[in-house]
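Undergrad: One file is attached below, model.cif, containing mmCIF, C-alpha atoms and all ligand atoms.
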```
data_work
loop_
_atom_site.group_PDB
_atom_site.id
_atom_site.type_symbol
_atom_site.label_atom_id
_atom_site.label_comp_id
_atom_site.auth_asym_id
_atom_site.auth_seq_id
_atom_site.Cartn_x
_atom_site.Cartn_y
_atom_site.Cartn_z
ATOM 1 C CA MET A 1 -9.454 97.393 143.871
ATOM 2 C CA ASN A 2 -8.323 100.901 144.748
ATOM 3 C CA ASN A 3 -10.307 103.100 142.409
ATOM 4 C CA GLU A 4 -8.367 106.310 143.135
ATOM 5 C CA GLN A 5 -5.141 104.569 142.152
ATOM 6 C CA SER A 6 -6.552 103.506 138.823
ATOM 7 C CA ILE A 7 -7.791 106.978 137.896
ATOM 8 C CA THR A 8 -4.402 108.567 138.633
ATOM 9 C CA ASN A 9 -2.752 105.844 136.544
ATOM 10 C CA LYS A 10 -5.183 106.477 133.734
ATOM 11 C CA LEU A 11 -4.364 110.196 133.854
ATOM 12 C CA ILE A 12 -0.605 109.550 133.981
ATOM 13 C CA ASN A 13 -0.959 107.363 130.880
ATOM 14 C CA ALA A 14 -3.061 110.023 129.132
ATOM 15 C CA PHE A 15 -0.559 112.821 129.870
ATOM 16 C CA SER A 16 2.357 110.560 128.842
ATOM 17 C CA ALA A 17 0.775 110.355 125.389
ATOM 18 C CA LEU A 18 1.135 114.130 124.889
ATOM 19 C CA PRO A 19 4.013 115.292 122.685
ATOM 20 C CA GLY A 20 7.188 115.976 124.652
ATOM 21 C CA VAL A 21 5.778 114.661 127.941
ATOM 22 C CA GLY A 22 7.537 111.727 129.571
ATOM 23 C CA ARG A 23 6.203 109.599 132.396
ATOM 24 C CA LYS A 24 7.915 111.659 135.129
ATOM 25 C CA THR A 25 6.374 114.899 133.836
ATOM 26 C CA ALA A 26 2.994 113.187 133.471
ATOM 27 C CA GLU A 27 3.224 112.166 137.147
ATOM 28 C CA ARG A 28 4.040 115.760 138.123
ATOM 29 C CA PHE A 29 0.966 116.963 136.199
ATOM 30 C CA VAL A 30 -1.261 114.511 138.046
ATOM 31 C CA PHE A 31 0.211 115.408 141.474
ATOM 32 C CA PHE A 32 -0.335 119.083 140.612
ATOM 33 C CA LEU A 33 -3.947 118.390 139.637
ATOM 34 C CA LEU A 34 -4.568 116.459 142.858
ATOM 35 C CA LYS A 35 -3.770 119.644 144.797
ATOM 36 C CA GLN A 36 -6.162 121.850 142.800
ATOM 37 C CA PRO A 37 -9.613 122.918 144.043
ATOM 38 C CA LYS A 38 -12.630 120.947 142.846
ATOM 39 C CA GLU A 39 -13.831 123.878 140.738
ATOM 40 C CA PHE A 40 -10.552 124.013 138.755
ATOM 41 C CA LEU A 41 -10.747 120.280 138.008
ATOM 42 C CA GLU A 42 -14.403 120.441 137.010
ATOM 43 C CA ASN A 43 -13.770 123.358 134.616
ATOM 44 C CA PHE A 44 -10.683 121.640 133.196
ATOM 45 C CA GLY A 45 -12.650 118.435 132.638
ATOM 46 C CA ALA A 46 -15.590 120.287 131.098
ATOM 47 C CA ASP A 47 -13.270 122.128 128.655
ATOM 48 C CA LEU A 48 -11.638 118.850 127.611
ATOM 49 C CA LYS A 49 -15.035 117.279 127.105
ATOM 50 C CA GLU A 50 -16.127 120.214 124.947
ATOM 51 C CA LEU A 51 -12.956 120.167 122.801
ATOM 52 C CA PRO A 52 -14.167 117.665 120.150
ATOM 53 C CA ASN A 53 -17.031 120.062 119.380
ATOM 54 C CA HIS A 54 -14.553 122.846 118.522
ATOM 55 C CA ASN A 55 -12.094 120.906 116.443
ATOM 56 C CA PHE A 56 -12.323 122.296 112.942
ATOM 57 C CA PHE A 57 -9.974 123.180 110.132
ATOM 58 C CA CYS A 58 -10.025 126.547 108.413
ATOM 59 C CA PRO A 59 -11.589 125.881 104.987
ATOM 60 C CA GLN A 60 -8.981 128.135 103.337
ATOM 61 C CA CYS A 61 -5.596 127.382 104.906
ATOM 62 C CA PHE A 62 -6.426 124.293 107.053
ATOM 63 C CA ASN A 63 -5.174 125.997 110.201
ATOM 64 C CA TYR A 64 -6.961 124.894 113.371
ATOM 65 C CA SER A 65 -10.178 126.838 113.762
ATOM 66 C CA GLU A 66 -12.566 126.828 116.725
ATOM 67 C CA ALA A 67 -15.601 127.368 114.536
ATOM 68 C CA ARG A 68 -16.682 126.251 111.086
ATOM 69 C CA THR A 69 -15.415 129.538 109.649
ATOM 70 C CA VAL A 70 -12.064 130.821 108.376
ATOM 71 C CA CYS A 71 -9.300 131.074 110.990
ATOM 72 C CA PRO A 72 -8.235 134.427 112.543
ATOM 73 C CA VAL A 73 -5.249 134.707 110.138
ATOM 74 C CA CYS A 74 -7.390 134.288 107.005
ATOM 75 C CA ALA A 75 -10.057 136.609 108.447
ATOM 76 C CA ASP A 76 -7.539 139.402 109.179
ATOM 77 C CA SER A 77 -7.919 142.108 106.498
ATOM 78 C CA LYS A 78 -4.486 143.555 107.331
ATOM 79 C CA ARG A 79 -2.630 140.469 106.075
ATOM 80 C CA ASP A 80 -0.777 140.442 102.756
ATOM 81 C CA ARG A 81 -3.055 138.261 100.636
ATOM 82 C CA ALA A 82 -0.516 137.806 97.832
ATOM 83 C CA ALA A 83 1.832 135.581 99.868
ATOM 84 C CA ILE A 84 1.307 132.041 101.127
ATOM 85 C CA CYS A 85 3.651 130.357 103.570
ATOM 86 C CA VAL A 86 3.391 126.579 103.170
ATOM 87 C CA VAL A 87 3.813 124.729 106.471
ATOM 88 C CA GLU A 88 3.455 121.134 107.531
ATOM 89 C CA ASN A 89 0.825 121.743 110.194
ATOM 90 C CA PHE A 90 -0.724 124.382 112.438
ATOM 91 C CA HIS A 91 2.019 123.960 115.099
ATOM 92 C CA ASP A 92 4.555 125.326 112.636
ATOM 93 C CA LEU A 93 2.096 128.060 111.657
ATOM 94 C CA ASN A 94 1.849 129.156 115.299
ATOM 95 C CA VAL A 95 5.621 129.138 115.756
ATOM 96 C CA ILE A 96 6.080 131.337 112.658
ATOM 97 C CA GLU A 97 3.254 133.627 113.825
ATOM 98 C CA ALA A 98 5.050 134.074 117.164
ATOM 99 C CA THR A 99 8.089 135.594 115.380
ATOM 100 C CA LYS A 100 5.842 138.460 114.079
ATOM 101 C CA GLU A 101 8.100 138.564 110.979
ATOM 102 C CA TYR A 102 5.525 137.335 108.502
ATOM 103 C CA ASN A 103 2.339 139.071 107.505
ATOM 104 C CA GLY A 104 1.023 136.904 104.677
ATOM 105 C CA LEU A 105 -1.301 133.909 104.621
ATOM 106 C CA TYR A 106 -0.543 130.235 105.258
ATOM 107 C CA HIS A 107 -1.323 126.833 103.852
ATOM 108 C CA CYS A 108 -1.124 123.770 106.113
ATOM 109 C CA LEU A 109 -0.190 120.757 103.998
ATOM 110 C CA GLY A 110 -1.119 118.243 106.675
ATOM 111 C CA GLY A 111 2.292 116.534 106.618
ATOM 112 C CA LYS A 112 5.271 115.906 104.361
ATOM 113 C CA ILE A 113 5.670 113.571 101.422
ATOM 114 C CA ASP A 114 7.055 110.326 102.811
ATOM 115 C CA PRO A 115 6.420 107.376 100.461
ATOM 116 C CA PRO A 116 7.794 104.672 102.831
ATOM 117 C CA GLU A 117 5.171 105.852 105.359
ATOM 118 C CA GLY A 118 2.486 105.844 102.652
ATOM 119 C CA ILE A 119 2.289 109.656 102.555
ATOM 120 C CA THR A 120 2.052 110.466 98.864
ATOM 121 C CA PRO A 121 1.188 113.954 97.495
ATOM 122 C CA ASP A 122 -2.489 113.014 97.083
ATOM 123 C CA LYS A 123 -2.695 112.461 100.877
ATOM 124 C CA LEU A 124 -1.659 116.082 101.476
ATOM 125 C CA ARG A 125 -3.475 119.333 100.640
ATOM 126 C CA VAL A 126 -1.442 119.951 97.492
ATOM 127 C CA LYS A 127 -4.427 120.240 95.142
ATOM 128 C CA GLU A 128 -5.967 122.878 97.430
ATOM 129 C CA LEU A 129 -2.669 124.798 97.414
ATOM 130 C CA LEU A 130 -2.568 124.858 93.610
ATOM 131 C CA GLU A 131 -6.178 126.054 93.496
ATOM 132 C CA ARG A 132 -5.455 128.897 95.903
ATOM 133 C CA ILE A 133 -2.362 130.021 93.975
ATOM 134 C CA GLN A 134 -4.317 130.061 90.729
ATOM 135 C CA ASN A 135 -7.570 131.571 92.008
ATOM 136 C CA ASP A 136 -6.326 134.091 94.604
ATOM 137 C CA HIS A 137 -3.605 135.923 92.609
ATOM 138 C CA ILE A 138 -0.804 134.664 94.838
ATOM 139 C CA GLN A 139 2.603 136.176 93.979
ATOM 140 C CA GLU A 140 4.934 134.485 96.474
ATOM 141 C CA VAL A 141 4.947 131.000 97.965
ATOM 142 C CA ILE A 142 7.324 130.427 100.881
ATOM 143 C CA LEU A 143 8.101 126.765 101.453
ATOM 144 C CA ALA A 144 8.600 126.641 105.234
ATOM 145 C CA LEU A 145 9.092 122.916 105.644
ATOM 146 C CA ASN A 146 11.367 121.233 108.143
ATOM 147 C CA PRO A 147 14.917 120.825 106.817
ATOM 148 C CA ASP A 148 14.980 117.033 106.999
ATOM 149 C CA LEU A 149 14.857 114.330 104.334
ATOM 150 C CA SER A 150 11.107 114.245 103.759
ATOM 151 C CA GLY A 151 10.912 118.065 104.061
ATOM 152 C CA GLU A 152 13.545 118.420 101.318
ATOM 153 C CA GLY A 153 11.694 115.853 99.197
ATOM 154 C CA THR A 154 8.458 117.790 99.626
ATOM 155 C CA ILE A 155 10.210 121.044 98.624
ATOM 156 C CA ILE A 156 11.597 119.422 95.450
ATOM 157 C CA TYR A 157 8.150 118.081 94.558
ATOM 158 C CA LEU A 158 6.363 121.398 95.190
ATOM 159 C CA LYS A 159 9.037 123.348 93.276
ATOM 160 C CA LYS A 160 8.395 121.129 90.263
ATOM 161 C CA ILE A 161 4.618 121.406 90.264
ATOM 162 C CA LEU A 162 4.634 125.153 91.072
ATOM 163 C CA ALA A 163 7.117 125.932 88.272
ATOM 164 C CA PRO A 164 4.472 126.475 85.549
ATOM 165 C CA LEU A 165 2.373 128.771 87.756
ATOM 166 C CA ASN A 166 4.356 132.011 87.412
ATOM 167 C CA VAL A 167 4.707 132.522 91.161
ATOM 168 C CA LYS A 168 7.820 133.488 93.136
ATOM 169 C CA ILE A 169 8.990 130.541 95.262
ATOM 170 C CA SER A 170 11.199 131.121 98.288
ATOM 171 C CA LEU A 171 12.801 128.982 100.971
ATOM 172 C CA LEU A 172 13.604 129.803 104.572
ATOM 173 C CA ALA A 173 17.217 130.922 104.945
ATOM 174 C CA ARG A 174 19.668 128.399 106.290
ATOM 175 C CA GLY A 175 20.185 128.819 109.981
ATOM 176 C CA LEU A 176 17.697 126.167 110.861
ATOM 177 C CA PRO A 177 19.885 123.145 111.537
ATOM 178 C CA MET A 178 19.616 120.211 109.103
ATOM 179 C CA GLY A 179 17.248 117.703 110.680
ATOM 180 C CA GLY A 180 15.988 120.469 112.979
ATOM 181 C CA GLU A 181 12.337 121.159 113.465
ATOM 182 C CA ILE A 182 10.568 124.492 112.993
ATOM 183 C CA GLU A 183 8.430 123.654 115.998
ATOM 184 C CA TYR A 184 11.466 123.721 118.291
ATOM 185 C CA ALA A 185 13.480 126.528 116.651
ATOM 186 C CA ASP A 186 14.011 129.597 118.804
ATOM 187 C CA GLU A 187 12.125 132.708 117.686
ATOM 188 C CA VAL A 188 15.246 134.713 116.747
ATOM 189 C CA THR A 189 16.621 131.943 114.502
ATOM 190 C CA LEU A 190 13.243 131.474 112.865
ATOM 191 C CA ALA A 191 12.650 135.233 112.442
ATOM 192 C CA ASN A 192 16.052 135.505 110.689
ATOM 193 C CA ALA A 193 15.211 132.503 108.521
ATOM 194 C CA ILE A 194 12.006 134.232 107.363
ATOM 195 C CA LYS A 195 13.654 137.640 106.816
ATOM 196 C CA GLY A 196 16.589 136.108 104.925
ATOM 197 C CA ARG A 197 14.455 133.756 102.819
ATOM 198 C CA ARG A 198 15.928 133.154 99.383
ATOM 199 C CA ILE A 199 14.061 133.188 96.110
ATOM 200 C CA LEU A 200 14.327 129.895 94.253
ATOM 201 C CA ASN A 201 13.199 130.886 90.770
HETATM 202 ZN ZN ZN A 301 -7.068 130.063 107.625
#
```
Take the structure in the file and write it out as structure tokens.
Ligand SMILES: [Zn+2]

TA:
Amino acid sequence: MNNEQSITNKLINAFSALPGVGRKTAERFVFFLLKQPKEFLENFGADLKELPNHNFFCPQCFNYSEARTVCPVCADSKRDRAAICVVENFHDLNVIEATKEYNGLYHCLGGKIDPPEGITPDKLRVKELLERIQNDHIQEVILALNPDLSGEGTIIYLKKILAPLNVKISLLARGLPMGGEIEYADEVTLANAIKGRRILN
């Protein structure tokens, strides 16, 4: 058996599993890697191998964190600590960060409520969100969830349970297409959606 063939196939399969990468792109990645110097490949491999040891969640907002400490956003003393932007995951957090339009804190829910998929509110970090709002004197909660069916359902649920908490609730302005994803929105559209957010209560 040709061993070299099997390792390239294994790598093509691994890259194909990445979000947004099809088989053709995965093949291009592997051909690119084959042309790289040994040192590049060894460093790349060593970094990948080390990754599981740096895979932590921020204990405050559940953003990705490289260490067992709060993430750079939560650690930044210049942020507005009275606002929390609720996002599905740290991808969406990064996309909103890239617009530079928002200077508050975040809360990564870990998904959206989707009962047919078995994702009920207790599977998400809803309890932690309520605790933060109550304990940290939060004044505004921005619900930055994807404008699709389960995103809308999650917004309705959160609106209901946040209602008694005396906190301003706002939604991203329309402009994000229905069914669109924050992750793929262009920065200008998303920046406008944050600036033009509307207060719900
Ligand atoms: Zn954090």

Undergrad: Per residue of chain A within 7 Å of ligand ZN 301 (chain A), what are the shortest atom pair and its distance in Å to one decimal, counting only C-alpha atoms and all ligand atoms, with rows by chain and residue number, as a tab-separated table?

TA:
```
residue	atom	partner	partner_atom	distance
A:Cys58	CA	A:ZN301	ZN	4.7
A:Pro59	CA	A:ZN301	ZN	6.7
A:Gln60	CA	A:ZN301	ZN	5.1
A:Cys61	CA	A:ZN301	ZN	4.1
A:Phe62	CA	A:ZN301	ZN	5.8
A:Asn63	CA	A:ZN301	ZN	5.2
A:Val70	CA	A:ZN301	ZN	5.1
A:Cys71	CA	A:ZN301	ZN	4.2
A:Pro72	CA	A:ZN301	ZN	6.7
A:Val73	CA	A:ZN301	ZN	5.6
A:Cys74	CA	A:ZN301	ZN	4.3
A:Tyr106	CA	A:ZN301	ZN	6.9
```

Undergrad: Smallest atom-to-atom distance to Gly45 (chain A): which of A:Ala193, A:Gly104, A:Leu11, A:Arg28, using all atoms listed in the file?

TA: A:Leu11

Undergrad: Using only C-alpha atoms, find the one residue out of A:Arg198, A:Ile142, A:Ser150, A:Lys160 that sits nearest to Glu117 (chain A).

TA: A:Ser150

Undergrad: CA of Ile84 (chain A) and CA of Leu105 (chain A) are how many Å apart?

TA: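 Computed distance, CA of Ile84 (chain A) to CA of Leu105 (chain A), equals 4.7 Å.
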
Undergrad: As a check of understanding, name the residues that the PyMOL selection byres (((chain A and resi 91) around 10) and not hetatm) selects in the supplied structure, as a PyMOL selection string.

TA: chain A and resi 63-64+87-90+92-97+108+182-184

Undergrad: To one decimal place, how far is CA of His107 (chain A) from CA of Val86 (chain A) in Å?

TA: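 Pair CA of His107 (chain A) / CA of Val86 (chain A) returns 4.8 Å.
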
Undergrad: Restore N, CA and C atoms in region 127-148 of chain A and list the result as an mmCIF file, keeping the file's coordinate frame.

TA:
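See selection_23.cif below for the written result:
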```cif
data_model
loop_
_atom_site.group_PDB
_atom_site.id
_atom_site.type_symbol
_atom_site.label_atom_id
_atom_site.label_comp_id
_atom_site.auth_asym_id
_atom_site.auth_seq_id
_atom_site.Cartn_x
_atom_site.Cartn_y
_atom_site.Cartn_z
ATOM 1 N N LYS A 127 -3.443 119.792 96.136
ATOM 2 C CA LYS A 127 -4.427 120.240 95.142
ATOM 3 C C LYS A 127 -5.045 121.570 95.584
ATOM 4 N N GLU A 128 -5.363 121.659 96.883
ATOM 5 C CA GLU A 128 -5.967 122.878 97.430
ATOM 6 C C GLU A 128 -4.995 124.055 97.334
ATOM 7 N N LEU A 129 -3.685 123.750 97.515
ATOM 8 C CA LEU A 129 -2.669 124.798 97.414
ATOM 9 C C LEU A 129 -2.621 125.344 95.982
ATOM 10 N N LEU A 130 -2.615 124.440 95.008
ATOM 11 C CA LEU A 130 -2.568 124.858 93.610
ATOM 12 C C LEU A 130 -3.790 125.702 93.263
ATOM 13 N N GLU A 131 -4.950 125.294 93.765
ATOM 14 C CA GLU A 131 -6.178 126.054 93.496
ATOM 15 C C GLU A 131 -6.089 127.464 94.067
ATOM 16 N N ARG A 132 -5.561 127.568 95.288
ATOM 17 C CA ARG A 132 -5.455 128.897 95.903
ATOM 18 C C ARG A 132 -4.497 129.784 95.113
ATOM 19 N N ILE A 133 -3.360 129.220 94.706
ATOM 20 C CA ILE A 133 -2.362 130.021 93.975
ATOM 21 C C ILE A 133 -2.979 130.535 92.679
ATOM 22 N N GLN A 134 -3.740 129.673 92.012
ATOM 23 C CA GLN A 134 -4.317 130.061 90.729
ATOM 24 C C GLN A 134 -5.501 131.014 90.878
ATOM 25 N N ASN A 135 -6.326 130.793 91.897
ATOM 26 C CA ASN A 135 -7.570 131.571 92.008
ATOM 27 C C ASN A 135 -7.407 132.866 92.787
ATOM 28 N N ASP A 136 -6.406 132.940 93.695
ATOM 29 C CA ASP A 136 -6.326 134.091 94.604
ATOM 30 C C ASP A 136 -5.190 135.061 94.270
ATOM 31 N N HIS A 137 -4.662 134.991 93.050
ATOM 32 C CA HIS A 137 -3.605 135.923 92.609
ATOM 33 C C HIS A 137 -2.415 135.939 93.560
ATOM 34 N N ILE A 138 -1.956 134.774 93.937
ATOM 35 C CA ILE A 138 -0.804 134.664 94.838
ATOM 36 C C ILE A 138 0.474 134.975 94.056
ATOM 37 N N GLN A 139 1.354 135.802 94.667
ATOM 38 C CA GLN A 139 2.603 136.176 93.979
ATOM 39 C C GLN A 139 3.830 135.492 94.576
ATOM 40 N N GLU A 140 3.772 135.154 95.875
ATOM 41 C CA GLU A 140 4.934 134.485 96.474
ATOM 42 C C GLU A 140 4.482 133.290 97.308
ATOM 43 N N VAL A 141 5.188 132.186 97.140
ATOM 44 C CA VAL A 141 4.947 131.000 97.965
ATOM 45 C C VAL A 141 6.235 130.698 98.725
ATOM 46 N N ILE A 142 6.153 130.721 100.052
ATOM 47 C CA ILE A 142 7.324 130.427 100.881
ATOM 48 C C ILE A 142 7.191 128.990 101.372
ATOM 49 N N LEU A 143 8.162 128.166 101.041
ATOM 50 C CA LEU A 143 8.101 126.765 101.453
ATOM 51 C C LEU A 143 8.812 126.620 102.797
ATOM 52 N N ALA A 144 8.035 126.680 103.879
ATOM 53 C CA ALA A 144 8.600 126.641 105.234
ATOM 54 C C ALA A 144 8.459 125.235 105.809
ATOM 55 N N LEU A 145 9.172 124.309 105.183
ATOM 56 C CA LEU A 145 9.092 122.916 105.644
ATOM 57 C C LEU A 145 10.337 122.569 106.428
ATOM 58 N N ASN A 146 10.232 121.608 107.301
ATOM 59 C CA ASN A 146 11.367 121.233 108.143
ATOM 60 C C ASN A 146 12.528 120.744 107.284
ATOM 61 N N PRO A 147 13.759 121.195 107.629
ATOM 62 C CA PRO A 147 14.917 120.825 106.817
ATOM 63 C C PRO A 147 15.398 119.402 107.109
ATOM 64 N N ASP A 148 14.543 118.430 106.881
ATOM 65 C CA ASP A 148 14.980 117.033 106.999
ATOM 66 C C ASP A 148 14.704 116.336 105.670
#
```
